[in-house]
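Data file: input.csv. Format and content: CSV, C-alpha atoms and all ligand atoms.
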```csv
chain,number,residue,atom,x,y,z
G,170,MET,CA,15.4,35.8,193.8
G,171,THR,CA,14.8,39.0,191.9
G,172,ALA,CA,16.8,37.4,189.0
G,173,LEU,CA,14.5,34.3,189.1
G,174,ARG,CA,11.4,36.5,189.0
G,175,GLU,CA,12.8,38.3,186.1
G,176,ALA,CA,13.4,34.9,184.5
G,177,GLY,CA,9.7,34.4,184.7
G,178,LEU,CA,9.0,32.5,187.9
G,179,ARG,CA,6.2,33.6,190.2
G,180,PRO,CA,7.5,35.1,193.5
G,181,MET,CA,6.5,32.0,195.6
G,182,GLN,CA,8.1,29.6,193.0
G,183,ALA,CA,11.3,31.6,193.1
G,184,ARG,CA,11.3,31.7,196.9
G,185,ASP,CA,10.7,27.9,197.2
G,186,ALA,CA,13.3,27.1,194.6
G,187,VAL,CA,16.0,29.1,196.4
G,188,LYS,CA,15.0,27.8,199.8
G,189,VAL,CA,15.1,24.2,198.7
G,190,TRP,CA,18.5,24.7,197.1
G,191,MET,CA,20.0,26.7,200.0
G,192,GLN,CA,18.9,24.1,202.5
G,193,ALA,CA,20.3,21.2,200.5
G,194,TYR,CA,23.6,23.0,199.8
G,195,HIS,CA,24.3,24.6,203.2
G,196,GLN,CA,22.4,22.4,205.7
G,197,ASP,CA,22.7,19.0,204.1
G,198,GLY,CA,26.1,19.7,202.6
G,199,LEU,CA,25.3,18.5,199.0
G,200,ASP,CA,27.3,19.9,196.2
G,201,GLY,CA,25.7,22.5,193.9
G,202,GLN,CA,24.5,20.1,191.3
G,203,ALA,CA,23.1,17.5,193.7
G,204,ALA,CA,21.3,20.3,195.6
G,205,LEU,CA,19.8,21.4,192.3
G,206,SER,CA,18.3,17.9,191.7
G,207,ARG,CA,16.0,18.6,194.7
G,208,VAL,CA,14.5,21.6,193.0
G,209,PRO,CA,11.5,21.0,190.6
G,210,PRO,CA,12.9,20.8,187.1
G,211,VAL,CA,11.4,24.1,185.7
G,212,GLN,CA,12.7,26.1,188.6
G,213,ALA,CA,16.1,24.3,188.5
G,214,LEU,CA,16.6,25.3,184.9
G,215,ARG,CA,16.3,28.9,185.8
G,216,LEU,CA,18.2,28.6,189.1
G,217,ALA,CA,21.3,26.8,187.7
G,218,PRO,CA,23.1,29.7,186.0
G,219,LEU,CA,22.7,31.8,189.2
G,220,LEU,CA,24.3,29.4,191.6
G,221,LEU,CA,27.6,29.6,193.5
G,222,ASP,CA,30.4,27.6,192.0
G,223,ASP,CA,31.4,24.6,194.0
G,224,THR,CA,35.1,25.1,193.2
G,225,THR,CA,35.0,28.4,195.2
G,226,LEU,CA,37.7,27.2,197.6
G,227,VAL,CA,40.0,24.2,197.6
G,228,ALA,CA,41.5,23.1,200.9
G,229,VAL,CA,45.3,22.9,200.4
G,230,GLU,CA,46.5,22.5,204.0
G,231,GLU,CA,45.2,21.9,207.4
G,232,VAL,CA,47.5,22.2,210.5
G,233,VAL,CA,46.3,21.2,213.9
G,234,ALA,CA,47.8,22.9,216.9
G,235,GLU,CA,48.3,21.3,220.4
G,236,ASP,CA,45.3,23.2,221.7
G,237,HIS,CA,43.1,21.8,218.8
G,238,THR,CA,43.1,25.0,216.9
G,239,ARG,CA,43.0,24.2,213.2
G,240,ARG,CA,44.6,26.5,210.7
G,241,LEU,CA,43.0,26.0,207.3
G,242,LEU,CA,44.6,27.2,204.1
G,243,TRP,CA,42.4,27.6,201.0
G,244,GLN,CA,43.2,28.2,197.4
G,245,THR,CA,40.8,30.4,195.5
G,246,ALA,CA,39.8,29.8,191.9
G,247,ASP,CA,42.5,32.3,190.8
G,248,LYS,CA,45.1,30.4,192.7
G,249,LEU,CA,45.5,32.8,195.7
G,250,VAL,CA,45.8,31.5,199.2
G,251,ILE,CA,43.7,32.6,202.2
G,252,GLU,CA,43.3,31.3,205.7
G,253,SER,CA,40.6,30.5,208.2
G,254,VAL,CA,41.1,29.2,211.8
G,255,VAL,CA,38.8,26.9,213.8
G,256,ILE,CA,39.2,27.8,217.4
G,257,PRO,CA,37.7,25.6,220.2
G,258,ALA,CA,37.3,27.6,223.4
G,259,ASP,CA,39.6,26.3,226.3
G,260,ASN,CA,36.5,25.3,228.3
G,261,GLY,CA,35.2,23.3,225.4
G,262,GLN,CA,31.9,25.2,225.4
G,263,ARG,CA,32.0,26.8,222.0
G,264,VAL,CA,33.9,26.8,218.7
G,265,THR,CA,34.7,29.9,216.8
G,266,LEU,CA,35.7,30.2,213.1
G,267,CYS,CA,38.0,33.1,212.3
G,268,VAL,CA,37.5,34.1,208.6
G,269,SER,CA,39.4,36.3,206.1
G,270,SER,CA,37.7,39.1,204.3
G,271,GLN,CA,40.5,39.9,201.8
G,272,VAL,CA,43.5,38.4,200.2
G,273,GLY,CA,46.3,40.3,201.9
G,274,CYS,CA,45.5,43.7,203.4
G,275,GLY,CA,46.2,47.3,202.5
G,276,ARG,CA,46.4,48.7,206.0
G,277,ARG,CA,50.0,47.8,206.7
G,278,CYS,CA,50.0,47.6,210.5
G,279,ALA,CA,53.6,47.3,211.7
G,280,PHE,CA,53.0,44.2,213.8
G,281,CYS,CA,50.8,42.2,211.4
G,282,GLU,CA,52.0,39.5,209.0
G,283,THR,CA,49.0,39.9,206.6
G,284,GLY,CA,50.0,43.6,206.2
G,285,ARG,CA,53.3,42.5,204.6
G,286,LEU,CA,51.4,41.2,201.6
G,287,GLY,CA,49.7,44.4,200.7
G,288,LEU,CA,46.2,44.2,199.3
G,289,VAL,CA,45.8,41.6,196.6
G,290,ARG,CA,42.0,41.7,196.3
G,291,ASN,CA,38.7,41.6,198.1
G,292,LEU,CA,37.0,38.2,198.7
G,293,GLY,CA,33.6,37.7,197.2
G,294,VAL,CA,30.5,36.8,199.3
G,295,ASP,CA,30.8,33.3,198.0
G,296,GLU,CA,34.4,33.0,199.2
G,297,ILE,CA,33.6,34.3,202.6
G,298,VAL,CA,30.6,32.0,203.0
G,299,ALA,CA,32.5,29.1,201.5
G,300,GLN,CA,35.1,29.4,204.3
G,301,PHE,CA,32.3,28.7,206.8
G,302,ARG,CA,30.5,26.1,204.7
G,303,GLN,CA,33.7,24.1,204.1
G,304,ALA,CA,35.3,24.6,207.6
G,305,ASN,CA,31.9,23.5,209.1
G,306,ALA,CA,31.8,20.3,207.0
G,307,LEU,CA,35.4,19.5,207.9
G,308,TRP,CA,34.9,20.3,211.6
G,309,SER,CA,31.8,18.1,211.8
G,310,ARG,CA,33.8,15.1,210.6
G,311,VAL,CA,36.4,15.5,213.3
G,312,ARG,CA,34.8,17.3,216.2
G,313,GLY,CA,33.8,14.2,218.2
G,314,SER,CA,32.0,15.4,221.3
G,315,MET,CA,33.1,19.0,220.8
G,316,PRO,CA,30.3,21.5,219.8
G,317,ALA,CA,29.6,22.6,216.2
G,318,ILE,CA,30.9,26.0,215.1
G,319,SER,CA,28.6,28.7,216.5
G,320,ASN,CA,30.7,31.9,216.4
G,321,VAL,CA,32.4,33.7,213.6
G,322,VAL,CA,35.0,36.4,213.9
G,323,PHE,CA,36.3,38.5,211.0
G,324,MET,CA,39.8,38.5,212.4
G,325,GLY,CA,41.6,36.6,209.7
G,326,MET,CA,43.3,38.2,206.7
G,327,GLY,CA,42.1,41.6,205.6
G,328,GLU,CA,40.3,44.7,206.7
G,329,PRO,CA,36.5,44.0,206.7
G,330,MET,CA,35.6,47.7,206.4
G,331,ASP,CA,37.5,47.8,203.1
G,332,ASN,CA,35.2,45.1,201.7
G,333,LEU,CA,32.1,46.1,203.6
G,334,ASP,CA,29.4,45.2,201.0
G,335,ASN,CA,30.6,41.6,200.7
G,336,VAL,CA,31.1,41.2,204.5
G,337,VAL,CA,27.6,42.5,205.2
G,338,ASP,CA,26.1,40.2,202.5
G,339,ALA,CA,28.1,37.2,203.7
G,340,ILE,CA,26.8,37.8,207.3
G,341,ALA,CA,23.2,37.9,205.9
G,342,VAL,CA,23.8,34.5,204.3
G,343,LEU,CA,25.3,32.9,207.4
G,344,THR,CA,22.6,34.1,209.7
G,345,HIS,CA,19.7,33.1,207.3
G,346,ASP,CA,17.3,30.4,208.4
G,347,TRP,CA,17.8,28.5,205.2
G,348,THR,CA,21.5,28.2,205.7
G,349,TYR,CA,23.2,28.0,209.2
G,350,GLY,CA,20.9,30.3,211.1
G,351,LEU,CA,23.9,31.7,213.1
G,352,SER,CA,23.1,34.4,215.6
G,353,ALA,CA,24.3,37.8,214.5
G,354,ARG,CA,25.3,38.5,218.1
G,355,LYS,CA,27.8,35.6,217.8
G,356,ILE,CA,29.5,37.2,214.8
G,357,SER,CA,32.2,39.9,215.3
G,358,VAL,CA,33.7,42.1,212.7
G,359,SER,CA,37.2,43.4,213.7
G,360,THR,CA,38.5,46.7,212.2
G,361,VAL,CA,41.5,48.9,212.3
G,362,GLY,CA,38.9,51.7,212.9
G,363,VAL,CA,37.5,53.1,209.7
G,364,ALA,CA,35.3,55.6,211.5
G,365,GLN,CA,33.5,56.9,208.5
G,366,LYS,CA,32.1,53.4,207.9
G,367,PHE,CA,30.7,52.9,211.4
G,368,ALA,CA,27.3,54.4,210.7
G,369,GLU,CA,26.8,52.3,207.5
G,370,PHE,CA,28.1,49.1,209.3
G,371,PHE,CA,25.6,49.4,212.2
G,372,ALA,CA,22.7,50.4,209.8
G,373,ARG,CA,23.3,47.4,207.5
G,374,CYS,CA,24.6,44.7,209.8
G,375,PRO,CA,23.4,43.3,213.2
G,376,ALA,CA,26.8,41.8,214.0
G,377,ASN,CA,29.2,43.1,216.7
G,378,LEU,CA,32.0,45.5,216.0
G,379,ALA,CA,35.5,44.9,217.4
G,380,LEU,CA,38.0,47.7,217.3
G,381,SER,CA,41.7,47.1,217.2
G,382,LEU,CA,43.0,50.0,219.3
G,383,ASN,CA,46.4,48.7,220.2
G,384,ALA,CA,47.8,52.0,221.6
G,385,PRO,CA,46.7,54.5,224.3
G,386,ASP,CA,47.7,57.7,222.4
G,387,ASP,CA,48.0,59.0,218.8
G,388,ALA,CA,51.7,59.1,218.6
G,389,ARG,CA,52.1,55.4,219.3
G,390,ARG,CA,49.0,54.3,217.4
G,391,SER,CA,50.2,56.2,214.3
G,392,GLN,CA,53.5,54.5,214.6
G,393,LEU,CA,51.9,51.0,214.8
G,394,MET,CA,48.8,51.6,212.5
G,395,PRO,CA,49.0,54.0,209.6
G,396,VAL,CA,45.2,54.4,209.6
G,397,ASN,CA,45.6,56.5,212.7
G,398,GLN,CA,47.3,59.3,210.8
G,399,ARG,CA,43.9,60.0,209.3
G,400,VAL,CA,41.6,59.0,212.2
G,401,PRO,CA,42.9,59.9,215.6
G,402,ILE,CA,41.7,58.0,218.7
G,403,ALA,CA,39.4,60.9,219.8
G,404,ASP,CA,37.6,60.7,216.5
G,405,LEU,CA,37.3,56.9,216.8
G,406,LYS,CA,35.7,57.3,220.2
G,407,ALA,CA,33.3,60.1,219.0
G,408,ALA,CA,32.3,57.9,216.0
G,409,LEU,CA,31.5,55.0,218.3
G,410,LEU,CA,29.5,57.1,220.7
G,411,ALA,CA,27.6,58.6,217.8
G,412,HIS,CA,26.8,55.3,216.0
G,413,LEU,CA,26.8,52.4,218.4
G,414,PRO,CA,23.2,51.2,218.6
G,415,ARG,CA,21.5,51.6,222.0
G,416,GLY,CA,22.2,48.7,224.3
G,417,ARG,CA,25.1,47.4,222.3
G,418,SER,CA,28.8,47.5,223.3
G,419,VAL,CA,32.0,47.4,221.3
G,420,LEU,CA,34.8,45.0,221.8
G,421,VAL,CA,38.1,46.9,222.1
G,422,GLU,CA,41.2,44.9,221.2
G,423,TYR,CA,44.6,46.0,222.6
G,424,VAL,CA,47.7,44.1,221.6
G,425,LEU,CA,50.4,44.3,224.4
G,426,PHE,CA,53.9,45.0,223.2
G,427,ALA,CA,56.8,44.9,225.7
G,428,GLY,CA,58.1,48.3,226.6
G,429,LEU,CA,55.8,50.1,224.1
G,430,ASN,CA,52.3,50.2,225.4
G,431,ASP,CA,52.3,48.1,228.5
G,432,ALA,CA,53.2,50.5,231.3
G,433,PRO,CA,50.8,51.3,234.2
G,434,ALA,CA,50.5,54.9,232.9
G,435,ASP,CA,49.3,53.4,229.6
G,436,ALA,CA,46.6,51.4,231.4
G,437,ASP,CA,45.5,54.7,232.9
G,438,LEU,CA,45.4,56.4,229.4
G,439,LEU,CA,43.4,53.4,228.1
G,440,ARG,CA,41.0,53.6,230.9
G,441,ALA,CA,40.5,57.3,230.3
G,442,TRP,CA,39.8,56.6,226.6
G,443,LEU,CA,37.3,53.9,227.5
G,444,GLU,CA,35.5,56.2,229.9
G,445,GLY,CA,31.8,56.6,228.9
G,446,LEU,CA,32.0,54.0,226.1
G,447,PRO,CA,30.0,50.8,226.4
G,448,ALA,CA,32.9,48.5,225.8
G,449,ARG,CA,34.6,45.3,226.7
G,450,LEU,CA,38.4,45.1,226.5
G,451,ASN,CA,40.5,42.2,225.3
G,452,LEU,CA,44.2,42.4,226.0
G,453,ILE,CA,46.2,40.3,223.5
G,454,PRO,CA,49.9,39.5,224.3
G,455,ALA,CA,51.7,40.1,221.0
G,456,ASN,CA,52.4,37.2,218.7
G,457,PRO,CA,55.7,37.2,216.7
G,458,GLY,CA,55.2,39.4,213.6
G,459,PRO,CA,57.2,41.1,211.0
G,460,ASP,CA,59.0,43.4,213.4
G,461,PRO,CA,61.3,41.4,215.8
G,462,LEU,CA,61.3,44.4,218.2
G,463,LEU,CA,57.5,44.1,218.8
G,464,ARG,CA,57.3,41.3,221.4
G,465,SER,CA,54.9,40.2,224.1
G,466,PRO,CA,55.5,41.4,227.6
G,467,SER,CA,56.0,38.8,230.4
G,468,SER,CA,52.9,37.3,231.9
G,469,GLU,CA,53.6,39.3,235.1
G,470,VAL,CA,53.5,42.6,233.2
G,471,VAL,CA,50.3,41.4,231.4
G,472,TRP,CA,48.6,40.6,234.7
G,473,THR,CA,49.7,43.9,236.3
G,474,PHE,CA,48.3,45.8,233.4
G,475,GLN,CA,45.0,43.8,233.5
G,476,LYS,CA,44.7,44.2,237.3
G,477,ARG,CA,45.1,48.0,237.1
G,478,LEU,CA,42.2,48.1,234.7
G,479,LEU,CA,40.1,45.6,236.6
G,480,ASP,CA,40.6,47.7,239.8
G,481,ALA,CA,39.4,50.8,237.8
G,482,GLY,CA,36.2,48.9,236.9
G,483,VAL,CA,37.0,48.1,233.3
G,484,ARG,CA,35.5,44.8,231.8
G,485,VAL,CA,38.8,43.3,230.7
G,486,MET,CA,40.0,39.9,229.7
G,487,VAL,CA,43.3,38.6,228.5
G,488,ARG,CA,43.0,36.7,225.2
G,489,TYR,CA,45.8,34.2,225.2
G,490,PRO,CA,46.9,33.2,221.7
G,491,HIS,CA,45.4,30.0,220.3
G,492,GLY,CA,47.2,28.0,217.7
G,493,ARG,CA,50.4,30.0,218.0
G,494,ASP,CA,52.6,27.0,217.4
G,495,VAL,CA,51.1,26.6,213.9
G,496,GLY,CA,51.1,30.3,213.0
G,497,GLY,CA,47.3,30.4,213.4
G,498,ALA,CA,47.0,33.1,216.0
G,499,CYS,CA,45.9,36.7,215.6
G,500,GLY,CA,48.0,38.7,213.2
G,501,GLN,CA,50.0,35.7,212.1
G,502,LEU,CA,47.8,34.9,209.0
G,503,ALA,CA,50.0,35.5,206.0
G,504,GLY,CA,48.9,32.3,204.3
G,505,ALA,CA,50.7,32.1,201.1
G,506,HIS,CA,53.4,34.5,202.1
G,507,ARG,CA,54.8,32.3,204.8
G,508,GLN,CA,53.9,28.7,203.9
G,509,LYS,CA,53.0,28.7,200.2
G,510,ARG,CA,54.9,31.6,199.0
G,511,GLY,CA,54.8,30.3,195.4
G,512,HIS,CA,51.1,30.9,195.1
G,513,VAL,CA,51.1,34.5,196.1
G,514,GLU,CA,54.1,35.2,193.9
G,515,GLU,CA,52.2,33.7,191.0
G,516,ALA,CA,49.4,36.2,191.7
G,517,HIS,CA,51.8,39.1,191.5
G,518,VAL,CA,53.3,38.3,188.1
G,601,LIG,N1,42.0,44.2,210.0
G,601,LIG,C1,41.2,43.8,211.1
G,601,LIG,C2,41.1,42.3,211.3
G,601,LIG,C3,42.4,41.5,211.2
G,601,LIG,S1,43.5,41.6,212.6
G,601,LIG,C4,41.7,44.4,212.4
G,601,LIG,O1,42.8,45.1,212.4
G,601,LIG,O2,41.1,44.4,213.4
G,601,LIG,C5,42.7,40.8,213.9
G,601,LIG,C6,43.3,41.1,215.3
G,601,LIG,O3,44.6,40.6,215.4
G,601,LIG,C7,43.4,42.6,215.5
G,601,LIG,O4,42.9,42.9,216.8
G,601,LIG,C8,44.9,42.8,215.5
G,601,LIG,O5,45.3,43.9,216.2
G,601,LIG,C9,45.5,41.5,216.0
G,601,LIG,N2,46.9,41.3,215.6
G,601,LIG,C10,47.5,41.6,214.5
G,601,LIG,N3,48.8,41.3,214.6
G,601,LIG,C11,49.0,40.8,215.8
G,601,LIG,C12,50.2,40.2,216.4
G,601,LIG,N4,51.3,40.2,215.9
G,601,LIG,N5,50.0,39.8,217.7
G,601,LIG,C13,48.8,39.8,218.3
G,601,LIG,N6,47.7,40.3,217.7
G,601,LIG,C14,47.8,40.7,216.5
```
Starting from the coordinates I provided, produce the structure as structure tokens.
Ligand code: SAH
Amino acid sequence: MTALREAGLRPMQARDAVKVWMQAYHQDGLDGQAALSRVPPVQALRLAPLLLDDTTLVAVEEVVAEDHTRRLLWQTADKLVIESVVIPADNGQRVTLCVSSQVGCGRRCAFCETGRLGLVRNLGVDEIVAQFRQANALWSRVRGSMPAISNVVFMGMGEPMDNLDNVVDAIAVLTHDWTYGLSARKISVSTVGVAQKFAEFFARCPANLALSLNAPDDARRSQLMPVNQRVPIADLKAALLAHLPRGRSVLVEYVLFAGLNDAPADADLLRAWLEGLPARLNLIPANPGPDPLLRSPSSEVVWTFQKRLLDAGVRVMVRYPHGRDVGGACGQLAGAHRQKRGHVEEAHV
């Protein structure tokens, strides 16, 4: 809008032009040009050069799992491949979109497929928003009596804190009245734990924070997640206590690996770390990743671990993988690397 004002429009004219275009593009699903035809000609002329490009993402593959999870593969304008996943809740009450924030990821967690790619580049605001816009359009054609997408999780490819400006701006677009009016409280941003960004995140963004903890002590966390060599778990907790806004809680994610972090003593260490932190805990049985030795415990071990925490008063849920049979579950998103290898290799030459 600033740009429109600089181009000579009065503030109200600029606002109206953007509003009409945004509603036509995001709410009515028109393409950019068609949406522009709804804007009065003088404003449209000034607006046109500033608009998002319709060719932002091209859908190249859609795989539907038995549990209705849909893994969507998109190609960017520069021929890279990213993924989003549409996840209907088991009870049919809500539908969540898992989006990517980067092509690849530079954090190299031992258990994560995306980490194998390394970081290729950050996604732009338009590319993050386009995942929602296009998945939403696609879902509304096939959802039948299932609800529309209401929740968004940044748990796809990439580390959102390494692309914070674009993630924050994309959330501002998705929650705006002129677009989808999503509730910020239904958006979660999942991070490996870049503690020095927490203050900025909470100051700029009303969405929830999710922290991938994954281990109950520094030795094991550093082995699984290189970030821990710089930010030990005591610092993570201190940063959360210092910056979590009053009345809000953090979602702590803990992937369970057989024989590595699933012992009763580990549940006790985890409980001690959670002590005093406003938190909910999600236990995630590991999905097959790059290291064949990192496997899920049996469901009995998962239940014993959960029960020990429940008995100690921790708010803990087990998050069973969705879309595992189509490689759409947490940590399995390697997009191009696994299914469309050619595209990513093109990007590296
Ligand atoms: N970089 C961010 C977001 C992407 S990962 C983060 O680390 O949080 C999203 C979630 O998937 C994280 O909680 C991560 O720990 C989990 N995950 C990664 N690989 C996994 C695997 N092989 N099995 C189960 N969960 C996995």
Q: Please give me, as a ChimeraX atom specification, the residues lying within 7 Å of ligand LIG 601 (chain G) when counting all atoms listed in the file.
A: /G:280-282,323-329,359-361,379-381,383,422-424,453-458,499-501
Counting all atoms listed in the file, which residues come within 9 Å of (25.0, 39.9, 214.7), with the point read in the file's coordinates, and could you list them as a compact mmCIF listing (two decimals) with C-alpha atoms, keeping the file's coordinate frame?
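File out.txt, as written:
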```txt
# COMPACT_ATOMS: atom_id res chain seq x y z
CA ILE G 340 26.80 37.80 207.30
CA THR G 344 22.60 34.10 209.70
CA LEU G 351 23.90 31.70 213.10
CA SER G 352 23.10 34.40 215.60
CA ALA G 353 24.30 37.80 214.50
CA ARG G 354 25.30 38.50 218.10
CA LYS G 355 27.80 35.60 217.80
CA ILE G 356 29.50 37.20 214.80
CA SER G 357 32.20 39.90 215.30
CA CYS G 374 24.60 44.70 209.80
CA PRO G 375 23.40 43.30 213.20
CA ALA G 376 26.80 41.80 214.00
CA ASN G 377 29.20 43.10 216.70
```
Q. Could you name the residues that touch G:Asp404 at 10 Å or less, counting all atoms listed in the file, but leaving out those on the same chain fewer than 6 positions away, as number ranges by chain?
A. G: 362, 364-365, 397, 410
For the interface of stretch 331-386 of chain G with stretch 181-188 of chain G (cut-off 12 Å, counting only C-alpha atoms), please tabulate each contacting residue of stretch 331-386 of chain G alongside its nearest pair of atoms and their separation in Å to one decimal, rows sorted by chain and increasing number, as a tab-separated table.
```
residue	atom	partner	partner_atom	distance
G:Val342	CA	G:Lys188	CA	11.9
G:His345	CA	G:Lys188	CA	10.3
G:Asp346	CA	G:Lys188	CA	9.3
G:Trp347	CA	G:Lys188	CA	6.1
G:Thr348	CA	G:Lys188	CA	8.8
```
Q: Go ahead and compute the interatomic distance for atom CA of G:Asp236 and atom CA of G:Arg488, in Å to one decimal.
A: 14.1 Å
(Q) Which residues are close to G:Asp437, i.e. within 9 Å by all atoms listed in the file, leaving aside same-chain residues fewer than 5 positions away? Reply as a PyMOL selection string. (A) chain G and resi 385+432+442+477-478+481
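The coordinates place atom CA of G:Glu175 at 17.9 Å from atom CA of G:Pro209.
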(Q) Using Å and a single decimal, report how far atom CA of G:Phe474 sits from atom CA of G:Ala448. (A)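 Straight-line distance from atom CA of G:Ala448 to atom CA of G:Phe474 works out to 17.4 Å.
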Q: Name the residues within 12 Å of (31.4, 27.5, 197.3), counting only C-alpha atoms in the file's coordinates, and put them as an NGL selection string.
A: :G and (191 or 194-195 or 198-202 or 220-228 or 243-246 or 293-304)
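Closest approach to G:Asn451 among G:Phe426, G:Tyr489, G:Tyr349, G:Phe371 is made by G:Tyr489 (distances from all atoms listed in the file).
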Q: Measuring atom to atom with all atoms listed in the file, identify which of G:Asn430, G:Ser418, G:Thr265, G:Gln192 is nearest to G:Pro447.
A: G:Ser418
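Neighbouring residues of G:Val233 at 8 Å or closer, counting only C-alpha atoms and skipping chain neighbours under 3 positions away, are His237, Thr238, Arg239, Arg240, Gly492 and Val495 of chain G.
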Expected file contents, prior selection, C-alpha atoms, as an mmCIF file, in the frame of the given file:
```cif
data_model
loop_
_atom_site.group_PDB
_atom_site.id
_atom_site.type_symbol
_atom_site.label_atom_id
_atom_site.label_comp_id
_atom_site.auth_asym_id
_atom_site.auth_seq_id
_atom_site.Cartn_x
_atom_site.Cartn_y
_atom_site.Cartn_z
ATOM 1 C CA HIS G 237 43.100 21.800 218.800
ATOM 2 C CA THR G 238 43.100 25.000 216.900
ATOM 3 C CA ARG G 239 43.000 24.200 213.200
ATOM 4 C CA ARG G 240 44.600 26.500 210.700
ATOM 5 C CA GLY G 492 47.200 28.000 217.700
ATOM 6 C CA VAL G 495 51.100 26.600 213.900
#
```
Q: Find the residues around G:Leu393 up to 6 Å (all atoms listed in the file counted), leave out those fewer than 3 positions away in its own chain, and share them as a list in words.
A: Cys278, Ala279 and Arg390 of chain G
Can I get the selection written as a PDB file, in the coordinates of the input, with C-alpha atoms?
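What ended up in part-v9.pdb:
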```
ATOM      1  CA  CYS G 278      50.000  47.600 210.500  1.00  0.00           C
ATOM      2  CA  ALA G 279      53.600  47.300 211.700  1.00  0.00           C
ATOM      3  CA  ARG G 390      49.000  54.300 217.400  1.00  0.00           C
TER       4      ARG G 390
END
```
Take the structure in the block and write a file for stretch 343-354 of chain G, N, CA, C and O atoms, as an mmCIF file, in the first residue's frame.
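Result file is out.cif:
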```
data_model
loop_
_atom_site.group_PDB
_atom_site.id
_atom_site.type_symbol
_atom_site.label_atom_id
_atom_site.label_comp_id
_atom_site.auth_asym_id
_atom_site.auth_seq_id
_atom_site.Cartn_x
_atom_site.Cartn_y
_atom_site.Cartn_z
ATOM 1 N N LEU G 343 -2.042 -14.573 5.934
ATOM 2 C CA LEU G 343 -3.036 -15.650 6.122
ATOM 3 C C LEU G 343 -4.091 -15.307 7.170
ATOM 4 O O LEU G 343 -5.217 -15.809 7.116
ATOM 5 N N THR G 344 -3.711 -14.456 8.131
ATOM 6 C CA THR G 344 -4.653 -14.137 9.208
ATOM 7 C C THR G 344 -5.454 -12.874 8.896
ATOM 8 O O THR G 344 -6.332 -12.491 9.669
ATOM 9 N N HIS G 345 -5.151 -12.218 7.771
ATOM 10 C CA HIS G 345 -5.819 -10.949 7.454
ATOM 11 C C HIS G 345 -7.281 -11.175 7.039
ATOM 12 O O HIS G 345 -7.595 -12.148 6.366
ATOM 13 N N ASP G 346 -8.126 -10.216 7.442
ATOM 14 C CA ASP G 346 -9.562 -10.291 7.081
ATOM 15 C C ASP G 346 -9.804 -10.321 5.578
ATOM 16 O O ASP G 346 -10.817 -10.812 5.120
ATOM 17 N N TRP G 347 -8.926 -9.696 4.830
ATOM 18 C CA TRP G 347 -9.153 -9.624 3.378
ATOM 19 C C TRP G 347 -8.750 -10.897 2.665
ATOM 20 O O TRP G 347 -8.947 -11.030 1.457
ATOM 21 N N THR G 348 -8.110 -11.817 3.389
ATOM 22 C CA THR G 348 -7.703 -13.062 2.725
ATOM 23 C C THR G 348 -8.489 -14.233 3.319
ATOM 24 O O THR G 348 -9.628 -14.462 2.939
ATOM 25 N N TYR G 349 -7.888 -14.936 4.293
ATOM 26 C CA TYR G 349 -8.542 -16.137 4.833
ATOM 27 C C TYR G 349 -8.998 -15.944 6.267
ATOM 28 O O TYR G 349 -9.703 -16.791 6.813
ATOM 29 N N GLY G 350 -8.547 -14.866 6.886
ATOM 30 C CA GLY G 350 -8.945 -14.576 8.266
ATOM 31 C C GLY G 350 -8.666 -15.727 9.225
ATOM 32 O O GLY G 350 -9.413 -15.945 10.177
ATOM 33 N N LEU G 351 -7.573 -16.477 8.999
ATOM 34 C CA LEU G 351 -7.256 -17.578 9.916
ATOM 35 C C LEU G 351 -6.959 -17.013 11.302
ATOM 36 O O LEU G 351 -6.459 -15.897 11.427
ATOM 37 N N SER G 352 -7.245 -17.802 12.321
ATOM 38 C CA SER G 352 -6.904 -17.384 13.676
ATOM 39 C C SER G 352 -5.423 -17.689 13.936
ATOM 40 O O SER G 352 -4.968 -18.807 13.692
ATOM 41 N N ALA G 353 -4.701 -16.690 14.430
ATOM 42 C CA ALA G 353 -3.262 -16.892 14.692
ATOM 43 C C ALA G 353 -3.048 -18.013 15.696
ATOM 44 O O ALA G 353 -2.020 -18.684 15.688
ATOM 45 N N ARG G 354 -4.035 -18.229 16.561
ATOM 46 C CA ARG G 354 -3.899 -19.284 17.570
ATOM 47 C C ARG G 354 -4.036 -20.671 16.953
ATOM 48 O O ARG G 354 -3.787 -21.679 17.599
#
```
